[in-house]
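Engineer: Quick one: the structure is below, questions incoming.
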Number of protein chains: 2
Amino acid sequence: MMSSTQIDAPAGVPFIDITREFDAPRELVFRAYTDPELLAQWLGPRKYKMTVESWDVRDGGKWRYVHSDEQGNAYGFHGVFHGDQTPDGMTQTFEFEGWPGHVSLEQLVFEDRDGKTVLRNHSVYQTIEARDAMIESGMETGVNEGYERLEELLATMRQPVA
Amino acid sequence: MMSSTQIDAPAGVPFIDITREFDAPRELVFRAYTDPELLAQWLGPRKYKMTVESWDVRDGGKWRYVHSDEQGNAYGFHGVFHGDQTPDGMTQTFEFEGWPGHVSLEQLVFEDRDGKTVLRNHSVYQTIEARDAMIESGMETGVNEGYERLEELLATMRQPVA
């Protein structure tokens, strides 16, 4: 059974909090986030071709990917990893290139729950208005669909020997 | 007469807003922020030796500086510039190396007011608790003293010919 994704955008603060449980150990979920070849298989809506240009998972490392469709539209995103990147915390900045000058700061935590993983994604925006604009952009569909794809991918990955 | 610095940390949101007027054109104030040799002359409290290791003012450029005292204490700070850096907006991440894992996002705007400059510094923290900790660290003294030194420096700089 698919888990459901919870997306919270509480009034009065510039936060978006996303929580989702995955039926896989946290090392595996973390690997699906840090290995660019795996990332390309799940991040974002199904209708886009995903091209990961760089995904340098270390303190100060840069990342960039592009979602494109058959009509020739392309949507670029980029950012920088900040600090040590571990299952206890991955921190990165996030910019959508279609809306330059707006930066958000995202922290992922991969929490073990009896061999499954609760993924917590806490994002903070520069203003409450920018947070609201992100919610209104329809991000919910992309997040839900991406996490469904991640769950499917995890099911096909062999679990690592402890 | 010295201007005063206004520091706002409103309850319930993870923001710190700092506003200060300087009696100099905004191009000059911007230069004092972007030229590392000028920056070293004013940023931070007077009691520290300031060493700017890097200050690469461009999209994706990194910065790092260290405040040290005669007792051998050293306090490092670093971050990454995000987006175009102009008097209309300088955006950067900010980390104090004594408190790893905590990143904030800072935006400076240099606003012209009849030939003087109103500097607006908007910072957002990952949590309200982290914002509160920054306020309680005594940042106010450092900010006030740094801006006093900046005002003194600006008074000694020749104004650029238009």
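Residues are referred to by chain and number: the chain letter is A, B, ... according to the order shown in the structure tokens, the number counts from 1 in that chain, and ligands are numbered separately from 1 in the order shown.
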Contacts of Glu27 in chain B at 9 Å or less, counting only C-alpha atoms, minus same-chain residues fewer than 2 places along, as a ChimeraX atom specification?
Structural biologist: /B:24-25,29-32,87,110,117,160
Engineer: Output N, CA and C atoms for every residue in the selection just made, as a PDB file, in the first residue's frame.
Structural biologist:
ATOM      1  N   ALA B  24      26.124  58.352   2.635  1.00  0.00           N
ATOM      2  CA  ALA B  24      26.989  58.117   1.471  1.00  0.00           C
ATOM      3  C   ALA B  24      26.111  57.526   0.380  1.00  0.00           C
ATOM      4  N   PRO B  25      26.501  57.741  -0.893  1.00  0.00           N
ATOM      5  CA  PRO B  25      25.708  57.174  -1.998  1.00  0.00           C
ATOM      6  C   PRO B  25      25.751  55.645  -1.969  1.00  0.00           C
ATOM      7  N   VAL B  29      28.487  52.536  -0.564  1.00  0.00           N
ATOM      8  CA  VAL B  29      28.208  51.564   0.502  1.00  0.00           C
ATOM      9  C   VAL B  29      28.319  50.150  -0.075  1.00  0.00           C
ATOM     10  N   PHE B  30      27.811  49.970  -1.288  1.00  0.00           N
ATOM     11  CA  PHE B  30      27.899  48.670  -1.962  1.00  0.00           C
ATOM     12  C   PHE B  30      29.371  48.277  -2.151  1.00  0.00           C
ATOM     13  N   ARG B  31      30.212  49.247  -2.516  1.00  0.00           N
ATOM     14  CA  ARG B  31      31.631  48.950  -2.712  1.00  0.00           C
ATOM     15  C   ARG B  31      32.293  48.526  -1.405  1.00  0.00           C
ATOM     16  N   ALA B  32      31.893  49.162  -0.306  1.00  0.00           N
ATOM     17  CA  ALA B  32      32.469  48.798   1.002  1.00  0.00           C
ATOM     18  C   ALA B  32      32.065  47.377   1.408  1.00  0.00           C
ATOM     19  N   PRO B  87      23.465  46.445  -6.052  1.00  0.00           N
ATOM     20  CA  PRO B  87      22.921  47.268  -4.959  1.00  0.00           C
ATOM     21  C   PRO B  87      21.428  47.010  -4.725  1.00  0.00           C
ATOM     22  N   PHE B 110      20.421  47.950  -0.886  1.00  0.00           N
ATOM     23  CA  PHE B 110      21.014  49.283  -0.702  1.00  0.00           C
ATOM     24  C   PHE B 110      20.068  50.274  -1.377  1.00  0.00           C
ATOM     25  N   THR B 117      22.059  56.449   1.847  1.00  0.00           N
ATOM     26  CA  THR B 117      21.729  55.040   1.611  1.00  0.00           C
ATOM     27  C   THR B 117      21.031  54.447   2.824  1.00  0.00           C
ATOM     28  N   PRO B 160      32.773  58.590  -5.601  1.00  0.00           N
ATOM     29  CA  PRO B 160      33.097  58.418  -7.019  1.00  0.00           C
ATOM     30  C   PRO B 160      32.465  59.518  -7.870  1.00  0.00           C
TER      31      PRO B 160
END
Engineer: Skipping near chain neighbours, those fewer than 4 positions away, what residues fall within 8 Å of range 73-80 of chain B using only C-alpha atoms, listed as a list in words?
Structural biologist: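 Near neighbours after the sequence-gap exclusion: Gly60 of chain A; Gly60, Gly61, Lys62, Trp63, Arg64, Tyr65, Val66, His67, Ser68, Asp69, Gln92, Thr93, Phe94, Glu95, Phe96, Glu97 and Gly98 of chain B.
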Engineer: With N, CA, C and O atoms retained, could you export that selection as a PDB file, in the first residue's frame?
Structural biologist:
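Here's the written file again16.pdb:
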ATOM      1  N   GLY A  60      29.379  22.626   0.208  1.00  0.00           N
ATOM      2  CA  GLY A  60      29.767  23.575  -0.833  1.00  0.00           C
ATOM      3  C   GLY A  60      29.558  23.071  -2.247  1.00  0.00           C
ATOM      4  O   GLY A  60      29.768  23.818  -3.200  1.00  0.00           O
TER       5      GLY A  60
ATOM      6  N   GLY B  60      27.079  31.920  -6.902  1.00  0.00           N
ATOM      7  CA  GLY B  60      27.783  30.681  -6.603  1.00  0.00           C
ATOM      8  C   GLY B  60      29.146  30.874  -5.952  1.00  0.00           C
ATOM      9  O   GLY B  60      29.793  29.902  -5.567  1.00  0.00           O
ATOM     10  N   GLY B  61      29.585  32.132  -5.817  1.00  0.00           N
ATOM     11  CA  GLY B  61      30.895  32.398  -5.207  1.00  0.00           C
ATOM     12  C   GLY B  61      30.886  32.170  -3.704  1.00  0.00           C
ATOM     13  O   GLY B  61      29.882  32.400  -3.041  1.00  0.00           O
ATOM     14  N   LYS B  62      32.009  31.708  -3.188  1.00  0.00           N
ATOM     15  CA  LYS B  62      32.086  31.422  -1.757  1.00  0.00           C
ATOM     16  C   LYS B  62      32.766  32.556  -1.003  1.00  0.00           C
ATOM     17  O   LYS B  62      33.556  33.300  -1.567  1.00  0.00           O
ATOM     18  N   TRP B  63      32.422  32.653   0.271  1.00  0.00           N
ATOM     19  CA  TRP B  63      33.115  33.612   1.125  1.00  0.00           C
ATOM     20  C   TRP B  63      33.447  32.940   2.456  1.00  0.00           C
ATOM     21  O   TRP B  63      32.779  31.996   2.883  1.00  0.00           O
ATOM     22  N   ARG B  64      34.539  33.430   3.059  1.00  0.00           N
ATOM     23  CA  ARG B  64      34.898  32.979   4.409  1.00  0.00           C
ATOM     24  C   ARG B  64      35.750  34.044   5.068  1.00  0.00           C
ATOM     25  O   ARG B  64      36.636  34.617   4.433  1.00  0.00           O
ATOM     26  N   TYR B  65      35.445  34.350   6.323  1.00  0.00           N
ATOM     27  CA  TYR B  65      36.336  35.230   7.095  1.00  0.00           C
ATOM     28  C   TYR B  65      36.441  34.716   8.514  1.00  0.00           C
ATOM     29  O   TYR B  65      35.625  33.910   8.974  1.00  0.00           O
ATOM     30  N   VAL B  66      37.515  35.177   9.183  1.00  0.00           N
ATOM     31  CA  VAL B  66      37.800  34.738  10.552  1.00  0.00           C
ATOM     32  C   VAL B  66      38.042  35.960  11.425  1.00  0.00           C
ATOM     33  O   VAL B  66      38.789  36.865  11.037  1.00  0.00           O
ATOM     34  N   HIS B  67      37.365  35.990  12.568  1.00  0.00           N
ATOM     35  CA  HIS B  67      37.632  37.001  13.590  1.00  0.00           C
ATOM     36  C   HIS B  67      38.516  36.354  14.650  1.00  0.00           C
ATOM     37  O   HIS B  67      38.173  35.306  15.186  1.00  0.00           O
ATOM     38  N   SER B  68      39.635  36.972  14.971  1.00  0.00           N
ATOM     39  CA  SER B  68      40.507  36.389  15.999  1.00  0.00           C
ATOM     40  C   SER B  68      40.936  37.456  16.990  1.00  0.00           C
ATOM     41  O   SER B  68      40.938  38.654  16.681  1.00  0.00           O
ATOM     42  N   ASP B  69      41.284  36.999  18.202  1.00  0.00           N
ATOM     43  CA  ASP B  69      41.719  37.955  19.227  1.00  0.00           C
ATOM     44  C   ASP B  69      43.116  37.582  19.719  1.00  0.00           C
ATOM     45  O   ASP B  69      43.708  36.576  19.306  1.00  0.00           O
ATOM     46  N   GLN B  92      23.015  35.871   0.213  1.00  0.00           N
ATOM     47  CA  GLN B  92      24.072  34.930   0.588  1.00  0.00           C
ATOM     48  C   GLN B  92      23.591  34.043   1.724  1.00  0.00           C
ATOM     49  O   GLN B  92      22.711  34.418   2.496  1.00  0.00           O
ATOM     50  N   THR B  93      24.168  32.842   1.786  1.00  0.00           N
ATOM     51  CA  THR B  93      23.979  32.023   2.977  1.00  0.00           C
ATOM     52  C   THR B  93      25.044  32.402   3.993  1.00  0.00           C
ATOM     53  O   THR B  93      26.089  32.973   3.652  1.00  0.00           O
ATOM     54  N   PHE B  94      24.772  32.063   5.242  1.00  0.00           N
ATOM     55  CA  PHE B  94      25.627  32.474   6.361  1.00  0.00           C
ATOM     56  C   PHE B  94      25.690  31.329   7.363  1.00  0.00           C
ATOM     57  O   PHE B  94      24.663  30.824   7.807  1.00  0.00           O
ATOM     58  N   GLU B  95      26.918  30.899   7.685  1.00  0.00           N
ATOM     59  CA  GLU B  95      27.098  29.879   8.714  1.00  0.00           C
ATOM     60  C   GLU B  95      28.185  30.311   9.682  1.00  0.00           C
ATOM     61  O   GLU B  95      29.263  30.747   9.253  1.00  0.00           O
ATOM     62  N   PHE B  96      27.933  30.175  10.971  1.00  0.00           N
ATOM     63  CA  PHE B  96      28.954  30.369  11.994  1.00  0.00           C
ATOM     64  C   PHE B  96      29.555  28.993  12.277  1.00  0.00           C
ATOM     65  O   PHE B  96      28.839  28.055  12.635  1.00  0.00           O
ATOM     66  N   GLU B  97      30.863  28.885  12.096  1.00  0.00           N
ATOM     67  CA  GLU B  97      31.495  27.560  12.173  1.00  0.00           C
ATOM     68  C   GLU B  97      31.501  26.988  13.591  1.00  0.00           C
ATOM     69  O   GLU B  97      31.725  25.794  13.781  1.00  0.00           O
ATOM     70  N   GLY B  98      31.250  27.839  14.572  1.00  0.00           N
ATOM     71  CA  GLY B  98      31.138  27.356  15.944  1.00  0.00           C
ATOM     72  C   GLY B  98      29.803  26.684  16.232  1.00  0.00           C
ATOM     73  O   GLY B  98      29.583  26.136  17.310  1.00  0.00           O
TER      74      GLY B  98
END
Engineer: Show me, as a PyMOL selection string, the residues of chain B whose atoms get within 10 Å of chain A, using only C-alpha atoms for the distance check.
Structural biologist: chain B and resi 12-15+60-62+79-85+89-95+97+100-107+122-128
Engineer: Since we have the selection now, will you write its residues out, keeping N, CA, C and O atoms, as a tab-separated table (two decimals), in the first residue's frame?
Structural biologist:
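So result21.tsv came out as:
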chain	number	residue	atom	x	y	z
B	12	GLY	N	7.38	35.03	16.57
B	12	GLY	CA	6.57	34.11	15.76
B	12	GLY	C	7.02	33.88	14.34
B	12	GLY	O	6.44	33.06	13.63
B	13	VAL	N	8.05	34.59	13.89
B	13	VAL	CA	8.63	34.36	12.56
B	13	VAL	C	10.14	34.27	12.70
B	13	VAL	O	10.72	34.87	13.60
B	14	PRO	N	10.82	33.52	11.79
B	14	PRO	CA	12.26	33.28	11.96
B	14	PRO	C	13.13	34.34	11.29
B	14	PRO	O	14.15	34.02	10.68
B	15	PHE	N	12.72	35.60	11.38
B	15	PHE	CA	13.41	36.69	10.67
B	15	PHE	C	14.20	37.58	11.61
B	15	PHE	O	13.81	37.78	12.76
B	60	GLY	N	27.08	31.92	-6.90
B	60	GLY	CA	27.78	30.68	-6.60
B	60	GLY	C	29.15	30.87	-5.95
B	60	GLY	O	29.79	29.90	-5.57
B	61	GLY	N	29.58	32.13	-5.82
B	61	GLY	CA	30.90	32.40	-5.21
B	61	GLY	C	30.89	32.17	-3.70
B	61	GLY	O	29.88	32.40	-3.04
B	62	LYS	N	32.01	31.71	-3.19
B	62	LYS	CA	32.09	31.42	-1.76
B	62	LYS	C	32.77	32.56	-1.00
B	62	LYS	O	33.56	33.30	-1.57
B	79	GLY	N	29.97	31.19	3.77
B	79	GLY	CA	28.70	31.07	3.06
B	79	GLY	C	28.92	31.14	1.56
B	79	GLY	O	30.07	31.08	1.08
B	80	VAL	N	27.82	31.25	0.85
B	80	VAL	CA	27.85	31.23	-0.61
B	80	VAL	C	26.92	32.35	-1.12
B	80	VAL	O	25.79	32.49	-0.63
B	81	PHE	N	27.41	33.14	-2.07
B	81	PHE	CA	26.54	34.14	-2.71
B	81	PHE	C	25.58	33.45	-3.67
B	81	PHE	O	25.97	32.49	-4.36
B	82	HIS	N	24.36	33.91	-3.71
B	82	HIS	CA	23.33	33.31	-4.57
B	82	HIS	C	22.73	34.39	-5.48
B	82	HIS	O	22.24	35.40	-4.99
B	83	GLY	N	22.79	34.15	-6.77
B	83	GLY	CA	22.18	35.06	-7.74
B	83	GLY	C	23.08	36.25	-8.05
B	83	GLY	O	24.22	36.33	-7.61
B	84	ASP	N	22.55	37.19	-8.86
B	84	ASP	CA	23.30	38.39	-9.20
B	84	ASP	C	23.47	39.24	-7.95
B	84	ASP	O	22.55	39.36	-7.14
B	85	GLN	N	24.63	39.83	-7.80
B	85	GLN	CA	24.92	40.66	-6.63
B	85	GLN	C	25.00	42.11	-7.07
B	85	GLN	O	25.95	42.51	-7.74
B	89	GLY	N	20.18	44.09	-4.58
B	89	GLY	CA	20.03	42.84	-3.83
B	89	GLY	C	21.31	42.01	-3.83
B	89	GLY	O	21.86	41.71	-4.89
B	90	MET	N	21.79	41.72	-2.63
B	90	MET	CA	22.90	40.77	-2.45
B	90	MET	C	22.34	39.67	-1.57
B	90	MET	O	21.87	39.93	-0.46
B	91	THR	N	22.36	38.42	-2.07
B	91	THR	CA	21.83	37.30	-1.31
B	91	THR	C	22.95	36.31	-1.02
B	91	THR	O	23.72	35.97	-1.92
B	92	GLN	N	23.01	35.87	0.21
B	92	GLN	CA	24.07	34.93	0.59
B	92	GLN	C	23.59	34.04	1.72
B	92	GLN	O	22.71	34.42	2.50
B	93	THR	N	24.17	32.84	1.79
B	93	THR	CA	23.98	32.02	2.98
B	93	THR	C	25.04	32.40	3.99
B	93	THR	O	26.09	32.97	3.65
B	94	PHE	N	24.77	32.06	5.24
B	94	PHE	CA	25.63	32.47	6.36
B	94	PHE	C	25.69	31.33	7.36
B	94	PHE	O	24.66	30.82	7.81
B	95	GLU	N	26.92	30.90	7.68
B	95	GLU	CA	27.10	29.88	8.71
B	95	GLU	C	28.19	30.31	9.68
B	95	GLU	O	29.26	30.75	9.25
B	97	GLU	N	30.86	28.88	12.10
B	97	GLU	CA	31.49	27.56	12.17
B	97	GLU	C	31.50	26.99	13.59
B	97	GLU	O	31.73	25.79	13.78
B	100	PRO	N	27.91	24.39	13.79
B	100	PRO	CA	27.70	23.76	12.48
B	100	PRO	C	26.30	23.19	12.31
B	100	PRO	O	25.64	22.82	13.28
B	101	GLY	N	25.86	23.13	11.06
B	101	GLY	CA	24.54	22.57	10.78
B	101	GLY	C	23.44	23.60	10.79
B	101	GLY	O	22.28	23.27	10.56
B	102	HIS	N	23.78	24.84	11.09
B	102	HIS	CA	22.76	25.90	11.09
B	102	HIS	C	23.11	26.92	10.02
B	102	HIS	O	24.18	27.51	10.05
B	103	VAL	N	22.21	27.07	9.09
B	103	VAL	CA	22.45	27.95	7.95
B	103	VAL	C	21.37	29.02	7.95
B	103	VAL	O	20.20	28.72	8.23
B	104	SER	N	21.73	30.26	7.68
B	104	SER	CA	20.70	31.27	7.46
B	104	SER	C	20.92	31.90	6.09
B	104	SER	O	21.95	31.67	5.44
B	105	LEU	N	19.92	32.63	5.66
B	105	LEU	CA	19.89	33.19	4.31
B	105	LEU	C	19.67	34.68	4.49
B	105	LEU	O	18.71	35.10	5.16
B	106	GLU	N	20.57	35.47	3.91
B	106	GLU	CA	20.59	36.91	4.17
B	106	GLU	C	20.38	37.67	2.86
B	106	GLU	O	20.95	37.29	1.85
B	107	GLN	N	19.57	38.68	2.88
B	107	GLN	CA	19.45	39.54	1.70
B	107	GLN	C	19.67	41.00	2.09
B	107	GLN	O	19.00	41.53	2.99
B	122	HIS	N	17.77	41.60	5.52
B	122	HIS	CA	16.70	40.67	5.92
B	122	HIS	C	17.29	39.26	6.01
B	122	HIS	O	17.75	38.72	5.00
B	123	SER	N	17.29	38.68	7.20
B	123	SER	CA	17.81	37.33	7.36
B	123	SER	C	16.69	36.39	7.77
B	123	SER	O	15.81	36.76	8.55
B	124	VAL	N	16.76	35.17	7.23
B	124	VAL	CA	15.79	34.15	7.62
B	124	VAL	C	16.55	32.93	8.11
B	124	VAL	O	17.56	32.53	7.53
B	125	TYR	N	16.06	32.37	9.22
B	125	TYR	CA	16.69	31.22	9.87
B	125	TYR	C	15.83	29.97	9.63
B	125	TYR	O	14.65	30.07	9.31
B	126	GLN	N	16.43	28.79	9.84
B	126	GLN	CA	15.70	27.55	9.56
B	126	GLN	C	14.59	27.31	10.58
B	126	GLN	O	13.62	26.60	10.29
B	127	THR	N	14.76	27.87	11.77
B	127	THR	CA	13.73	27.75	12.80
B	127	THR	C	13.68	29.05	13.60
B	127	THR	O	14.64	29.84	13.59
B	128	ILE	N	12.58	29.25	14.30
B	128	ILE	CA	12.47	30.42	15.18
B	128	ILE	C	13.48	30.30	16.33
B	128	ILE	O	14.09	31.29	16.75
Engineer: Please return, as a list in words, all residues of range 33-140 of chain A that DSSP assigns to alpha helix (DSSP H) on the basis of the backbone.
Structural biologist: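 Selecting the alpha helix (DSSP H) positions of range 33-140 of chain A gives Tyr33, Thr34, Pro36, Glu37, Leu38, Leu39, Ile128, Glu129, Ala130, Arg131, Asp132, Ala133, Met134, Ile135, Glu136, Met139 and Glu140 of chain A.
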Engineer: For the selection you just gave me, I'd like the residues written to a file as a CSV table (one decimal), in the first residue's frame, keeping all heavy atoms.
Structural biologist:
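Below is the file that was written, selection_24.csv:
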chain,number,residue,atom,x,y,z
A,33,TYR,N,18.6,9.5,-2.9
A,33,TYR,CA,18.7,11.0,-2.9
A,33,TYR,C,20.1,11.4,-3.4
A,33,TYR,O,20.2,12.5,-3.9
A,33,TYR,CB,18.4,11.6,-1.6
A,33,TYR,CG,17.0,12.2,-1.4
A,33,TYR,CD1,16.0,11.4,-0.9
A,33,TYR,CD2,16.8,13.5,-1.8
A,33,TYR,CE1,14.7,11.9,-0.8
A,33,TYR,CE2,15.5,14.0,-1.7
A,33,TYR,CZ,14.5,13.3,-1.2
A,33,TYR,OH,13.2,13.8,-1.0
A,34,THR,N,21.1,10.6,-3.0
A,34,THR,CA,22.5,11.1,-3.2
A,34,THR,C,23.1,10.7,-4.5
A,34,THR,O,24.1,11.3,-5.0
A,34,THR,CB,23.4,10.7,-2.0
A,34,THR,OG1,23.2,9.3,-1.8
A,34,THR,CG2,22.9,11.5,-0.8
A,36,PRO,N,23.1,10.5,-8.3
A,36,PRO,CA,22.4,11.2,-9.4
A,36,PRO,C,21.7,10.3,-10.4
A,36,PRO,O,20.6,10.7,-10.9
A,36,PRO,CB,23.4,12.1,-10.0
A,36,PRO,CG,24.7,11.5,-9.6
A,36,PRO,CD,24.5,10.8,-8.3
A,37,GLU,N,22.2,9.1,-10.6
A,37,GLU,CA,21.5,8.2,-11.5
A,37,GLU,C,20.2,7.7,-11.0
A,37,GLU,O,19.2,7.5,-11.7
A,37,GLU,CB,22.4,7.0,-11.9
A,37,GLU,CG,23.6,7.5,-12.7
A,37,GLU,CD,24.4,6.3,-13.3
A,37,GLU,OE1,23.9,5.2,-13.2
A,37,GLU,OE2,25.6,6.5,-13.7
A,38,LEU,N,20.2,7.5,-9.6
A,38,LEU,CA,18.9,7.1,-9.0
A,38,LEU,C,17.9,8.3,-8.9
A,38,LEU,O,16.8,8.2,-9.2
A,38,LEU,CB,19.2,6.5,-7.6
A,38,LEU,CG,20.0,5.2,-7.6
A,38,LEU,CD1,20.3,4.8,-6.2
A,38,LEU,CD2,19.3,4.1,-8.4
A,39,LEU,N,18.5,9.4,-8.6
A,39,LEU,CA,17.7,10.7,-8.4
A,39,LEU,C,16.9,10.9,-9.7
A,39,LEU,O,15.7,11.3,-9.7
A,39,LEU,CB,18.6,11.8,-8.1
A,39,LEU,CG,17.9,13.2,-7.8
A,39,LEU,CD1,17.5,13.2,-6.3
A,39,LEU,CD2,18.7,14.4,-8.1
A,128,ILE,N,7.0,35.1,3.7
A,128,ILE,CA,5.8,34.3,3.7
A,128,ILE,C,5.2,34.3,2.3
A,128,ILE,O,4.6,33.3,1.8
A,128,ILE,CB,4.8,34.8,4.8
A,128,ILE,CG1,5.5,34.5,6.2
A,128,ILE,CG2,3.5,34.1,4.7
A,128,ILE,CD1,4.8,35.1,7.4
A,129,GLU,N,5.3,35.5,1.6
A,129,GLU,CA,4.7,35.6,0.3
A,129,GLU,C,5.4,34.6,-0.7
A,129,GLU,O,4.7,34.0,-1.5
A,129,GLU,CB,4.9,37.0,-0.2
A,129,GLU,CG,4.0,38.1,0.5
A,129,GLU,CD,4.6,38.4,2.0
A,129,GLU,OE1,5.8,38.2,2.2
A,129,GLU,OE2,3.8,38.8,2.8
A,130,ALA,N,6.7,34.5,-0.6
A,130,ALA,CA,7.4,33.5,-1.5
A,130,ALA,C,7.0,32.1,-1.2
A,130,ALA,O,6.8,31.3,-2.1
A,130,ALA,CB,8.9,33.7,-1.3
A,131,ARG,N,6.8,31.8,0.1
A,131,ARG,CA,6.3,30.5,0.5
A,131,ARG,C,4.9,30.2,-0.1
A,131,ARG,O,4.7,29.1,-0.7
A,131,ARG,CB,6.3,30.3,2.0
A,131,ARG,CG,6.0,28.9,2.6
A,131,ARG,CD,4.6,28.5,2.5
A,131,ARG,NE,3.6,29.4,3.1
A,131,ARG,CZ,3.2,29.4,4.4
A,131,ARG,NH1,3.7,28.5,5.1
A,131,ARG,NH2,2.3,30.3,4.8
A,132,ASP,N,4.1,31.2,0.0
A,132,ASP,CA,2.7,31.0,-0.5
A,132,ASP,C,2.7,30.9,-2.0
A,132,ASP,O,2.0,30.0,-2.6
A,132,ASP,CB,1.9,32.3,-0.2
A,132,ASP,CG,1.6,32.4,1.3
A,132,ASP,OD1,1.7,31.3,2.0
A,132,ASP,OD2,1.1,33.4,1.8
A,133,ALA,N,3.6,31.6,-2.7
A,133,ALA,CA,3.7,31.5,-4.2
A,133,ALA,C,4.2,30.1,-4.6
A,133,ALA,O,3.7,29.5,-5.6
A,133,ALA,CB,4.7,32.5,-4.7
A,134,MET,N,5.1,29.5,-3.8
A,134,MET,CA,5.5,28.1,-4.1
A,134,MET,C,4.4,27.1,-3.9
A,134,MET,O,4.1,26.3,-4.8
A,134,MET,CB,6.7,27.7,-3.1
A,134,MET,CG,7.1,26.3,-3.2
A,134,MET,SD,7.6,25.8,-4.9
A,134,MET,CE,9.3,26.5,-5.0
A,135,ILE,N,3.6,27.3,-2.9
A,135,ILE,CA,2.4,26.4,-2.7
A,135,ILE,C,1.4,26.6,-3.8
A,135,ILE,O,0.9,25.6,-4.4
A,135,ILE,CB,1.7,26.8,-1.3
A,135,ILE,CG1,2.6,26.3,-0.1
A,135,ILE,CG2,0.3,26.1,-1.2
A,135,ILE,CD1,2.7,24.8,0.1
A,136,GLU,N,1.2,27.8,-4.2
A,136,GLU,CA,0.2,28.1,-5.3
A,136,GLU,C,0.7,27.7,-6.7
A,136,GLU,O,-0.1,27.6,-7.6
A,136,GLU,CB,-0.2,29.6,-5.3
A,136,GLU,CG,-1.1,29.9,-4.1
A,136,GLU,CD,-1.0,31.4,-3.7
A,136,GLU,OE1,-0.5,32.2,-4.5
A,136,GLU,OE2,-1.5,31.7,-2.6
A,139,MET,N,3.1,22.9,-6.6
A,139,MET,CA,4.2,22.0,-6.2
A,139,MET,C,3.7,20.6,-5.6
A,139,MET,O,4.4,19.6,-5.7
A,139,MET,CB,5.1,22.6,-5.1
A,139,MET,CG,4.4,22.8,-3.8
A,139,MET,SD,5.4,23.3,-2.4
A,139,MET,CE,6.3,21.7,-2.0
A,140,GLU,N,2.5,20.7,-5.0
A,140,GLU,CA,1.9,19.5,-4.4
A,140,GLU,C,1.9,18.3,-5.3
A,140,GLU,O,2.3,17.2,-5.0
A,140,GLU,CB,0.5,19.8,-3.9
A,140,GLU,CG,0.1,18.8,-2.8
A,140,GLU,CD,-1.2,19.3,-2.1
A,140,GLU,OE1,-1.5,20.5,-2.2
A,140,GLU,OE2,-1.9,18.5,-1.6
Engineer: Just to confirm, what's the straight-line distance from CA of Asp112 in chain A to CA of Asn144 in chain A in Å (one decimal)?
Structural biologist: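 Distance reported for this atom pair: 20.9 Å.
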Engineer: What residues in chain A get the DSSP label strand (DSSP E)? Please answer as a PyMOL selection string.
Structural biologist: chain A and resi 6-8+15-22+49-55+62-68+74-86+89-96+104-113+116-125
